[in-house]
file protein-v7.csv (CSV, C-alpha atoms)
chain,number,residue,atom,x,y,z
A,1,MET,CA,-45.6,-41.7,-26.9
A,2,ALA,CA,-45.1,-45.4,-27.6
A,3,ASN,CA,-46.4,-48.1,-29.9
A,4,GLU,CA,-46.8,-45.8,-33.0
A,5,TYR,CA,-47.6,-47.6,-36.2
A,6,ALA,CA,-45.2,-45.5,-38.4
A,7,ASP,CA,-41.8,-44.0,-37.7
A,8,LEU,CA,-40.7,-40.4,-37.6
A,9,ALA,CA,-38.1,-40.8,-40.3
A,10,THR,CA,-40.7,-41.9,-42.9
A,11,VAL,CA,-43.1,-39.1,-42.1
A,12,LYS,CA,-40.2,-36.5,-42.3
A,13,ALA,CA,-39.2,-37.9,-45.7
A,14,ALA,CA,-42.8,-37.5,-46.9
A,15,LEU,CA,-42.5,-33.8,-45.9
A,16,ASN,CA,-39.1,-33.4,-47.5
A,17,LEU,CA,-37.6,-32.6,-44.1
A,18,ALA,CA,-33.9,-33.4,-43.5
A,19,ASP,CA,-33.6,-36.4,-41.1
A,20,GLY,CA,-31.0,-34.5,-39.1
A,21,ASP,CA,-33.3,-31.4,-38.6
A,22,PRO,CA,-35.1,-31.8,-35.3
A,23,THR,CA,-37.3,-28.6,-35.7
A,24,SER,CA,-40.6,-30.4,-36.3
A,25,ASP,CA,-39.8,-33.6,-34.4
A,26,ALA,CA,-41.9,-32.9,-31.3
A,27,MET,CA,-45.0,-32.0,-33.3
A,28,LEU,CA,-44.6,-34.9,-35.7
A,29,THR,CA,-44.1,-37.4,-32.8
A,30,GLN,CA,-47.3,-36.1,-31.2
A,31,ALA,CA,-49.1,-36.4,-34.5
A,32,LEU,CA,-47.9,-40.0,-34.9
A,33,GLY,CA,-49.1,-40.9,-31.5
A,34,ALA,CA,-52.5,-39.3,-32.0
A,35,ALA,CA,-52.9,-40.9,-35.4
A,36,SER,CA,-52.0,-44.4,-34.0
A,37,ARG,CA,-54.4,-44.1,-31.2
A,38,GLY,CA,-57.1,-42.7,-33.5
A,39,ILE,CA,-56.7,-45.8,-35.7
A,40,ASP,CA,-57.1,-48.0,-32.6
A,41,ARG,CA,-60.4,-46.2,-31.8
A,42,LEU,CA,-61.6,-46.3,-35.5
A,43,THR,CA,-61.0,-50.1,-35.7
A,44,GLY,CA,-61.8,-51.1,-32.2
A,45,ARG,CA,-58.6,-53.0,-31.8
A,46,ARG,CA,-54.8,-52.3,-31.4
A,47,PHE,CA,-52.0,-53.5,-33.6
A,48,TRP,CA,-49.0,-53.5,-31.3
A,49,LEU,CA,-48.0,-56.6,-29.5
A,50,ASP,CA,-47.6,-56.9,-25.7
A,51,ALA,CA,-43.9,-57.3,-24.8
A,52,ALA,CA,-44.8,-60.0,-22.3
A,53,PRO,CA,-47.9,-62.1,-21.6
A,54,VAL,CA,-50.6,-60.4,-19.6
A,55,GLN,CA,-53.8,-61.8,-18.1
A,56,ARG,CA,-57.3,-60.9,-19.2
A,57,VAL,CA,-60.5,-62.3,-17.7
A,58,TYR,CA,-63.7,-62.9,-19.8
A,59,ARG,CA,-67.3,-63.5,-18.9
A,60,LEU,CA,-68.9,-66.1,-21.0
A,61,THR,CA,-72.1,-64.3,-21.6
A,62,GLY,CA,-72.2,-62.9,-25.2
A,63,ARG,CA,-68.7,-64.4,-26.0
A,64,VAL,CA,-69.4,-68.0,-26.5
A,65,ALA,CA,-71.2,-69.6,-29.5
A,66,ALA,CA,-71.6,-73.3,-30.4
A,67,ASP,CA,-70.8,-74.1,-34.0
A,68,ASP,CA,-69.7,-77.2,-36.0
A,69,ASP,CA,-66.1,-76.9,-34.7
A,70,GLY,CA,-67.2,-76.9,-31.0
A,71,ASP,CA,-67.7,-74.3,-28.3
A,72,ARG,CA,-66.1,-71.1,-29.5
A,73,LEU,CA,-64.9,-68.3,-27.1
A,74,VAL,CA,-64.3,-64.9,-28.7
A,75,VAL,CA,-61.2,-63.3,-27.2
A,76,ASP,CA,-59.2,-60.1,-27.8
A,77,ASP,CA,-56.6,-60.3,-30.6
A,78,ILE,CA,-53.8,-62.6,-29.6
A,79,GLY,CA,-50.6,-62.0,-31.5
A,80,SER,CA,-48.3,-64.7,-30.2
A,81,LEU,CA,-48.6,-68.2,-28.7
A,82,ASP,CA,-45.6,-67.5,-26.4
A,83,GLY,CA,-46.8,-67.9,-22.8
A,84,LEU,CA,-50.4,-68.7,-23.8
A,85,VAL,CA,-52.3,-70.1,-20.8
A,86,VAL,CA,-56.1,-70.7,-20.6
A,87,GLU,CA,-57.9,-71.3,-17.4
A,88,THR,CA,-61.5,-71.4,-16.2
A,89,GLY,CA,-62.9,-70.5,-12.8
A,90,GLY,CA,-63.4,-67.3,-10.9
A,91,ALA,CA,-62.3,-65.3,-7.9
A,92,THR,CA,-59.2,-67.1,-6.6
A,93,THR,CA,-59.8,-70.6,-8.0
A,94,TRP,CA,-58.6,-71.4,-11.5
A,95,SER,CA,-58.2,-74.7,-13.4
A,96,PRO,CA,-56.1,-75.1,-16.6
A,97,VAL,CA,-57.9,-75.8,-19.8
A,98,THR,CA,-56.3,-78.2,-22.3
A,99,GLY,CA,-57.4,-79.5,-25.7
A,100,TYR,CA,-58.5,-76.2,-27.0
A,101,LEU,CA,-57.8,-75.0,-30.6
A,102,THR,CA,-56.9,-71.5,-31.7
A,103,ALA,CA,-58.9,-69.9,-34.6
A,104,PRO,CA,-58.8,-68.9,-37.3
A,105,ASP,CA,-56.6,-71.6,-38.6
A,106,ASN,CA,-53.1,-70.4,-39.7
A,107,ALA,CA,-53.8,-66.9,-38.4
A,108,HIS,CA,-50.2,-66.1,-37.4
A,109,LEU,CA,-48.9,-67.6,-40.7
A,110,ASP,CA,-51.1,-65.1,-42.5
A,111,GLY,CA,-50.0,-62.2,-40.3
A,112,GLU,CA,-53.4,-62.1,-38.5
A,113,PRO,CA,-54.2,-62.5,-34.8
A,114,ILE,CA,-56.0,-65.4,-33.1
A,115,THR,CA,-59.5,-64.2,-32.3
A,116,SER,CA,-61.1,-67.2,-30.7
A,117,LEU,CA,-60.5,-70.4,-28.7
A,118,VAL,CA,-62.4,-73.5,-29.6
A,119,LEU,CA,-63.2,-76.5,-27.4
A,120,PRO,CA,-64.0,-79.3,-29.8
A,121,HIS,CA,-65.3,-81.5,-27.0
A,122,GLY,CA,-67.0,-80.0,-23.9
A,123,ARG,CA,-68.1,-76.5,-23.0
A,124,TRP,CA,-66.4,-73.5,-21.6
A,125,GLY,CA,-68.7,-73.3,-18.6
A,126,THR,CA,-72.3,-73.0,-17.5
A,127,ARG,CA,-72.8,-69.5,-18.8
A,128,ASP,CA,-73.8,-68.3,-15.4
A,129,SER,CA,-72.6,-65.0,-14.0
A,130,ARG,CA,-69.9,-66.6,-11.9
A,131,THR,CA,-68.0,-68.5,-14.6
A,132,ARG,CA,-64.9,-66.8,-16.1
A,133,VAL,CA,-62.2,-67.7,-18.5
A,134,ARG,CA,-58.7,-66.3,-17.8
A,135,VAL,CA,-56.4,-66.0,-20.7
A,136,THR,CA,-52.7,-65.2,-20.3
A,137,ALA,CA,-51.2,-64.1,-23.6
A,138,ARG,CA,-49.4,-61.5,-25.6
A,139,PHE,CA,-52.3,-59.6,-26.9
A,140,GLY,CA,-52.2,-57.5,-30.1
A,141,TRP,CA,-51.1,-58.3,-33.7
A,142,PRO,CA,-48.1,-60.4,-34.8
A,143,ALA,CA,-46.9,-57.3,-36.7
A,144,VAL,CA,-48.4,-54.0,-37.8
A,145,PRO,CA,-50.3,-54.5,-41.1
A,146,ASP,CA,-49.1,-52.5,-44.0
A,147,GLU,CA,-52.5,-50.8,-44.3
A,148,VAL,CA,-52.2,-49.6,-40.7
A,149,ALA,CA,-48.7,-48.2,-41.2
A,150,GLN,CA,-49.8,-46.3,-44.4
A,151,ALA,CA,-53.0,-45.0,-42.7
A,152,THR,CA,-51.0,-43.8,-39.8
A,153,GLN,CA,-48.6,-41.9,-42.0
A,154,ILE,CA,-51.5,-40.3,-43.9
A,155,GLN,CA,-53.3,-39.3,-40.7
A,156,ALA,CA,-50.2,-38.1,-38.9
A,157,LEU,CA,-49.3,-35.8,-41.9
A,158,ARG,CA,-52.9,-34.5,-41.9
A,159,LEU,CA,-52.8,-33.8,-38.1
A,160,TYR,CA,-49.4,-32.1,-38.5
A,161,ARG,CA,-50.7,-29.9,-41.3
A,162,ARG,CA,-53.7,-28.8,-39.2
A,163,LYS,CA,-51.5,-26.1,-37.7
A,164,ASP,CA,-52.2,-24.4,-41.1
A,165,SER,CA,-56.0,-24.9,-40.9
A,166,PRO,CA,-56.9,-24.5,-37.2
A,167,ASP,CA,-60.6,-24.0,-37.9
A,168,GLY,CA,-60.9,-27.3,-39.9
A,169,VAL,CA,-61.0,-25.5,-43.3
A,170,THR,CA,-58.4,-25.2,-46.0
A,171,GLY,CA,-58.4,-23.7,-49.4
A,172,SER,CA,-56.8,-22.0,-52.3
A,173,ALA,CA,-57.5,-19.4,-54.9
A,174,GLU,CA,-58.1,-22.2,-57.5
A,175,TRP,CA,-60.7,-24.3,-55.7
A,176,GLY,CA,-61.9,-22.1,-52.9
A,177,VAL,CA,-62.5,-23.1,-49.2
A,178,VAL,CA,-63.0,-26.7,-48.3
A,179,ARG,CA,-64.0,-28.1,-44.9
A,180,LEU,CA,-61.8,-31.0,-43.8
A,181,SER,CA,-63.6,-34.3,-43.0
A,182,ARG,CA,-63.1,-35.9,-39.6
A,183,VAL,CA,-61.3,-38.9,-40.9
A,184,ASP,CA,-59.3,-38.9,-44.1
A,185,PRO,CA,-61.2,-41.0,-46.7
A,186,ASP,CA,-58.0,-42.9,-47.6
A,187,VAL,CA,-57.4,-43.8,-44.0
A,188,ALA,CA,-61.0,-45.1,-43.6
A,189,ALA,CA,-60.6,-47.2,-46.8
A,190,LEU,CA,-57.2,-48.6,-45.7
A,191,VAL,CA,-58.4,-49.9,-42.3
A,192,GLU,CA,-62.0,-50.8,-43.3
A,193,ARG,CA,-61.3,-54.6,-43.5
A,194,LEU,CA,-59.7,-54.4,-40.0
A,195,GLN,CA,-62.6,-52.8,-38.2
A,196,LEU,CA,-64.4,-54.9,-35.6
A,197,PRO,CA,-68.2,-55.1,-36.2
A,198,GLY,CA,-69.9,-52.0,-34.9
A,199,MET,CA,-66.8,-49.8,-35.1
A,200,GLY,CA,-66.0,-47.0,-37.6
call {"tool": "encode", "arguments": {"input": "protein-v7.csv", "output": "structure tokens"}}
result
Amino acid sequence: MANEYADLATVKAALNLADGDPTSDAMLTQALGAASRGIDRLTGRRFWLDAAPVQRVYRLTGRVAADDDGDRLVVDDIGSLDGLVVETGGATTWSPVTGYLTAPDNAHLDGEPITSLVLPHGRWGTRDSRTRVRVTARFGWPAVPDEVAQATQIQALRLYRRKDSPDGVTGSAEWGVVRLSRVDPDVAALVERLQLPGMG
């Protein structure tokens, strides 16, 4: 697995496992990967940053809104301005766009991603089915938020311990049998502010 939001050493420490003992490494690594991708699905976004710029193409329909700042295009999270290129067109013909602003203001300074591009003057296109905007960028987040790292640790530990409750139930003589919820309540609370609308 790659792009996990927590590291193996931290999870092993939480379980009081010796760092040099590889006995549970395979299962814990799998749990970390599953927990990380589960948080991606829960929030509707990913928190790792592309190593190099990649291209994504957007239709304008449903992604553009006019507001007081100008014509706003909603894009996937952009975690770095390195290599950012914006073009309009379609098929094989693309023209560079200049004079756009990134939003929200100071996003990267606050550890947050850029989520929209704003044209203060002019429009992104005619909104017909042929117009596209091509964005070349390093998508993702500037850094993994603390909430995501903590949620990943909790969920990975929970998944690892499922080997002891394969039917989704756990219990003790003191408080009886309890059915485990699908998502740990603490995980849901930690990532709630990061969820895109309609996710979760």
call {"tool": "closest_residue", "arguments": {"input": "protein-v7.csv", "among": "A:Ala2, A:Ala52, A:Leu196, A:Leu109", "to": "Ala35 (chain A)", "atoms": "all atoms listed in the file"}}
result
A:Ala2
call {"tool": "atom_distance", "arguments": {"input": "protein-v7.csv", "atom1": "CA of Pro113 (chain A)", "atom2": "CA of Asp82 (chain A)"}}
result
13.0 Å
call {"tool": "closest_residue", "arguments": {"input": "protein-v7.csv", "among": "A:Arg63, A:Thr98, A:Asp110, A:Ala31", "to": "Ile154 (chain A)", "atoms": "only C-alpha atoms"}}
result
A:Ala31
call {"tool": "atom_distance", "arguments": {"input": "protein-v7.csv", "atom1": "CA of Ser24 (chain A)", "atom2": "CA of Gln153 (chain A)"}}
result
15.1 Å
call {"tool": "residues_around", "arguments": {"input": "protein-v7.csv", "residues": "region 130-141 of chain A", "least_positions_apart": "3", "cutoff": "9 Å", "atoms": "all atoms listed in the file", "output": "VMD selection string"}}
result
chain A and resid 45 to 60 75 to 91 94 108 111 to 114 124 to 127 144 to 145
call {"tool": "atom_distance", "arguments": {"input": "protein-v7.csv", "atom1": "CA of Gln155 (chain A)", "atom2": "CA of Asp186 (chain A)"}}
result
9.1 Å
call {"tool": "closest_residue", "arguments": {"input": "protein-v7.csv", "among": "A:Leu73, A:His121, A:Gln195, A:Thr61", "to": "Pro104 (chain A)", "atoms": "all atoms listed in the file"}}
result
A:Leu73
call {"tool": "residues_around", "arguments": {"input": "protein-v7.csv", "residues": "Ala103 (chain A)", "least_positions_apart": "5", "cutoff": "9 Å", "atoms": "only C-alpha atoms", "output": "MDAnalysis selection string"}}
result
chainID A and resid 72 113:118
call {"tool": "write_last_selection", "arguments": {"input": "protein-v7.csv", "atoms": "C-alpha atoms", "output": "PDB file, in the coordinates of the input"}}
result
ATOM      1  CA  ARG A  72     -66.100 -71.100 -29.500  1.00  0.00           C
ATOM      2  CA  PRO A 113     -54.200 -62.500 -34.800  1.00  0.00           C
ATOM      3  CA  ILE A 114     -56.000 -65.400 -33.100  1.00  0.00           C
ATOM      4  CA  THR A 115     -59.500 -64.200 -32.300  1.00  0.00           C
ATOM      5  CA  SER A 116     -61.100 -67.200 -30.700  1.00  0.00           C
ATOM      6  CA  LEU A 117     -60.500 -70.400 -28.700  1.00  0.00           C
ATOM      7  CA  VAL A 118     -62.400 -73.500 -29.600  1.00  0.00           C
TER       8      VAL A 118
END
call {"tool": "closest_residue", "arguments": {"input": "protein-v7.csv", "among": "A:Thr93, A:Gly122, A:Gly99, A:Asn3", "to": "Leu32 (chain A)", "atoms": "only C-alpha atoms"}}
result
A:Asn3
call {"tool": "residues_around", "arguments": {"input": "protein-v7.csv", "residues": "Val183 (chain A)", "least_positions_apart": "3", "cutoff": "10 Å", "atoms": "all atoms listed in the file", "output": "list of chain:residue names"}}
result
A:Gly38, A:Ile39, A:Leu42, A:Gln155, A:Arg158, A:Leu180, A:Asp186, A:Val187, A:Ala188, A:Gly200
call {"tool": "closest_residue", "arguments": {"input": "protein-v7.csv", "among": "A:Leu17, A:Ser36, A:Pro96, A:Lys163", "to": "Ala151 (chain A)", "atoms": "only C-alpha atoms"}}
result
A:Ser36
call {"tool": "closest_residue", "arguments": {"input": "protein-v7.csv", "among": "A:Leu190, A:Leu101, A:Leu28, A:Ala65", "to": "Ala13 (chain A)", "atoms": "only C-alpha atoms"}}
result
A:Leu28
call {"tool": "residues_around", "arguments": {"input": "protein-v7.csv", "residues": "Val11 (chain A)", "least_positions_apart": "2", "cutoff": "8 Å", "atoms": "all atoms listed in the file", "output": "ChimeraX atom specification"}}
result
/A:6-9,13-15,28,153,156-157
call {"tool": "build_atoms", "arguments": {"input": "protein-v7.csv", "residues": "region 70-83 of chain A", "atoms": "N, CA and C atoms", "output": "mmCIF file, in the frame of the given file"}}
result
data_model
loop_
_atom_site.group_PDB
_atom_site.id
_atom_site.type_symbol
_atom_site.label_atom_id
_atom_site.label_comp_id
_atom_site.auth_asym_id
_atom_site.auth_seq_id
_atom_site.Cartn_x
_atom_site.Cartn_y
_atom_site.Cartn_z
ATOM 1 N N GLY A 70 -67.148 -76.716 -32.438
ATOM 2 C CA GLY A 70 -67.200 -76.900 -31.000
ATOM 3 C C GLY A 70 -67.669 -75.613 -30.318
ATOM 4 N N ASP A 71 -67.330 -75.472 -29.049
ATOM 5 C CA ASP A 71 -67.700 -74.300 -28.300
ATOM 6 C C ASP A 71 -66.657 -73.228 -28.467
ATOM 7 N N ARG A 72 -67.053 -72.125 -29.085
ATOM 8 C CA ARG A 72 -66.100 -71.100 -29.500
ATOM 9 C C ARG A 72 -66.188 -69.871 -28.568
ATOM 10 N N LEU A 73 -65.042 -69.495 -27.969
ATOM 11 C CA LEU A 73 -64.900 -68.300 -27.100
ATOM 12 C C LEU A 73 -64.227 -67.213 -27.868
ATOM 13 N N VAL A 74 -64.891 -66.092 -28.047
ATOM 14 C CA VAL A 74 -64.300 -64.900 -28.700
ATOM 15 C C VAL A 74 -63.422 -64.195 -27.699
ATOM 16 N N VAL A 75 -62.150 -63.947 -28.086
ATOM 17 C CA VAL A 75 -61.200 -63.300 -27.200
ATOM 18 C C VAL A 75 -60.639 -62.033 -27.926
ATOM 19 N N ASP A 76 -59.944 -61.198 -27.174
ATOM 20 C CA ASP A 76 -59.200 -60.100 -27.800
ATOM 21 C C ASP A 76 -58.113 -60.649 -28.673
ATOM 22 N N ASP A 77 -57.664 -59.874 -29.643
ATOM 23 C CA ASP A 77 -56.600 -60.300 -30.600
ATOM 24 C C ASP A 77 -55.402 -60.847 -29.804
ATOM 25 N N ILE A 78 -54.959 -62.043 -30.153
ATOM 26 C CA ILE A 78 -53.800 -62.600 -29.600
ATOM 27 C C ILE A 78 -52.717 -62.730 -30.689
ATOM 28 N N GLY A 79 -51.579 -62.066 -30.493
ATOM 29 C CA GLY A 79 -50.600 -62.000 -31.500
ATOM 30 C C GLY A 79 -49.433 -62.938 -31.446
ATOM 31 N N SER A 80 -49.380 -63.715 -30.363
ATOM 32 C CA SER A 80 -48.300 -64.700 -30.200
ATOM 33 C C SER A 80 -48.744 -65.804 -29.288
ATOM 34 N N LEU A 81 -48.262 -67.009 -29.575
ATOM 35 C CA LEU A 81 -48.600 -68.200 -28.700
ATOM 36 C C LEU A 81 -47.609 -68.286 -27.550
ATOM 37 N N ASP A 82 -46.557 -67.463 -27.526
ATOM 38 C CA ASP A 82 -45.600 -67.500 -26.400
ATOM 39 C C ASP A 82 -46.286 -67.182 -25.104
ATOM 40 N N GLY A 83 -46.236 -68.105 -24.169
ATOM 41 C CA GLY A 83 -46.800 -67.900 -22.800
ATOM 42 C C GLY A 83 -48.310 -68.004 -22.765
#
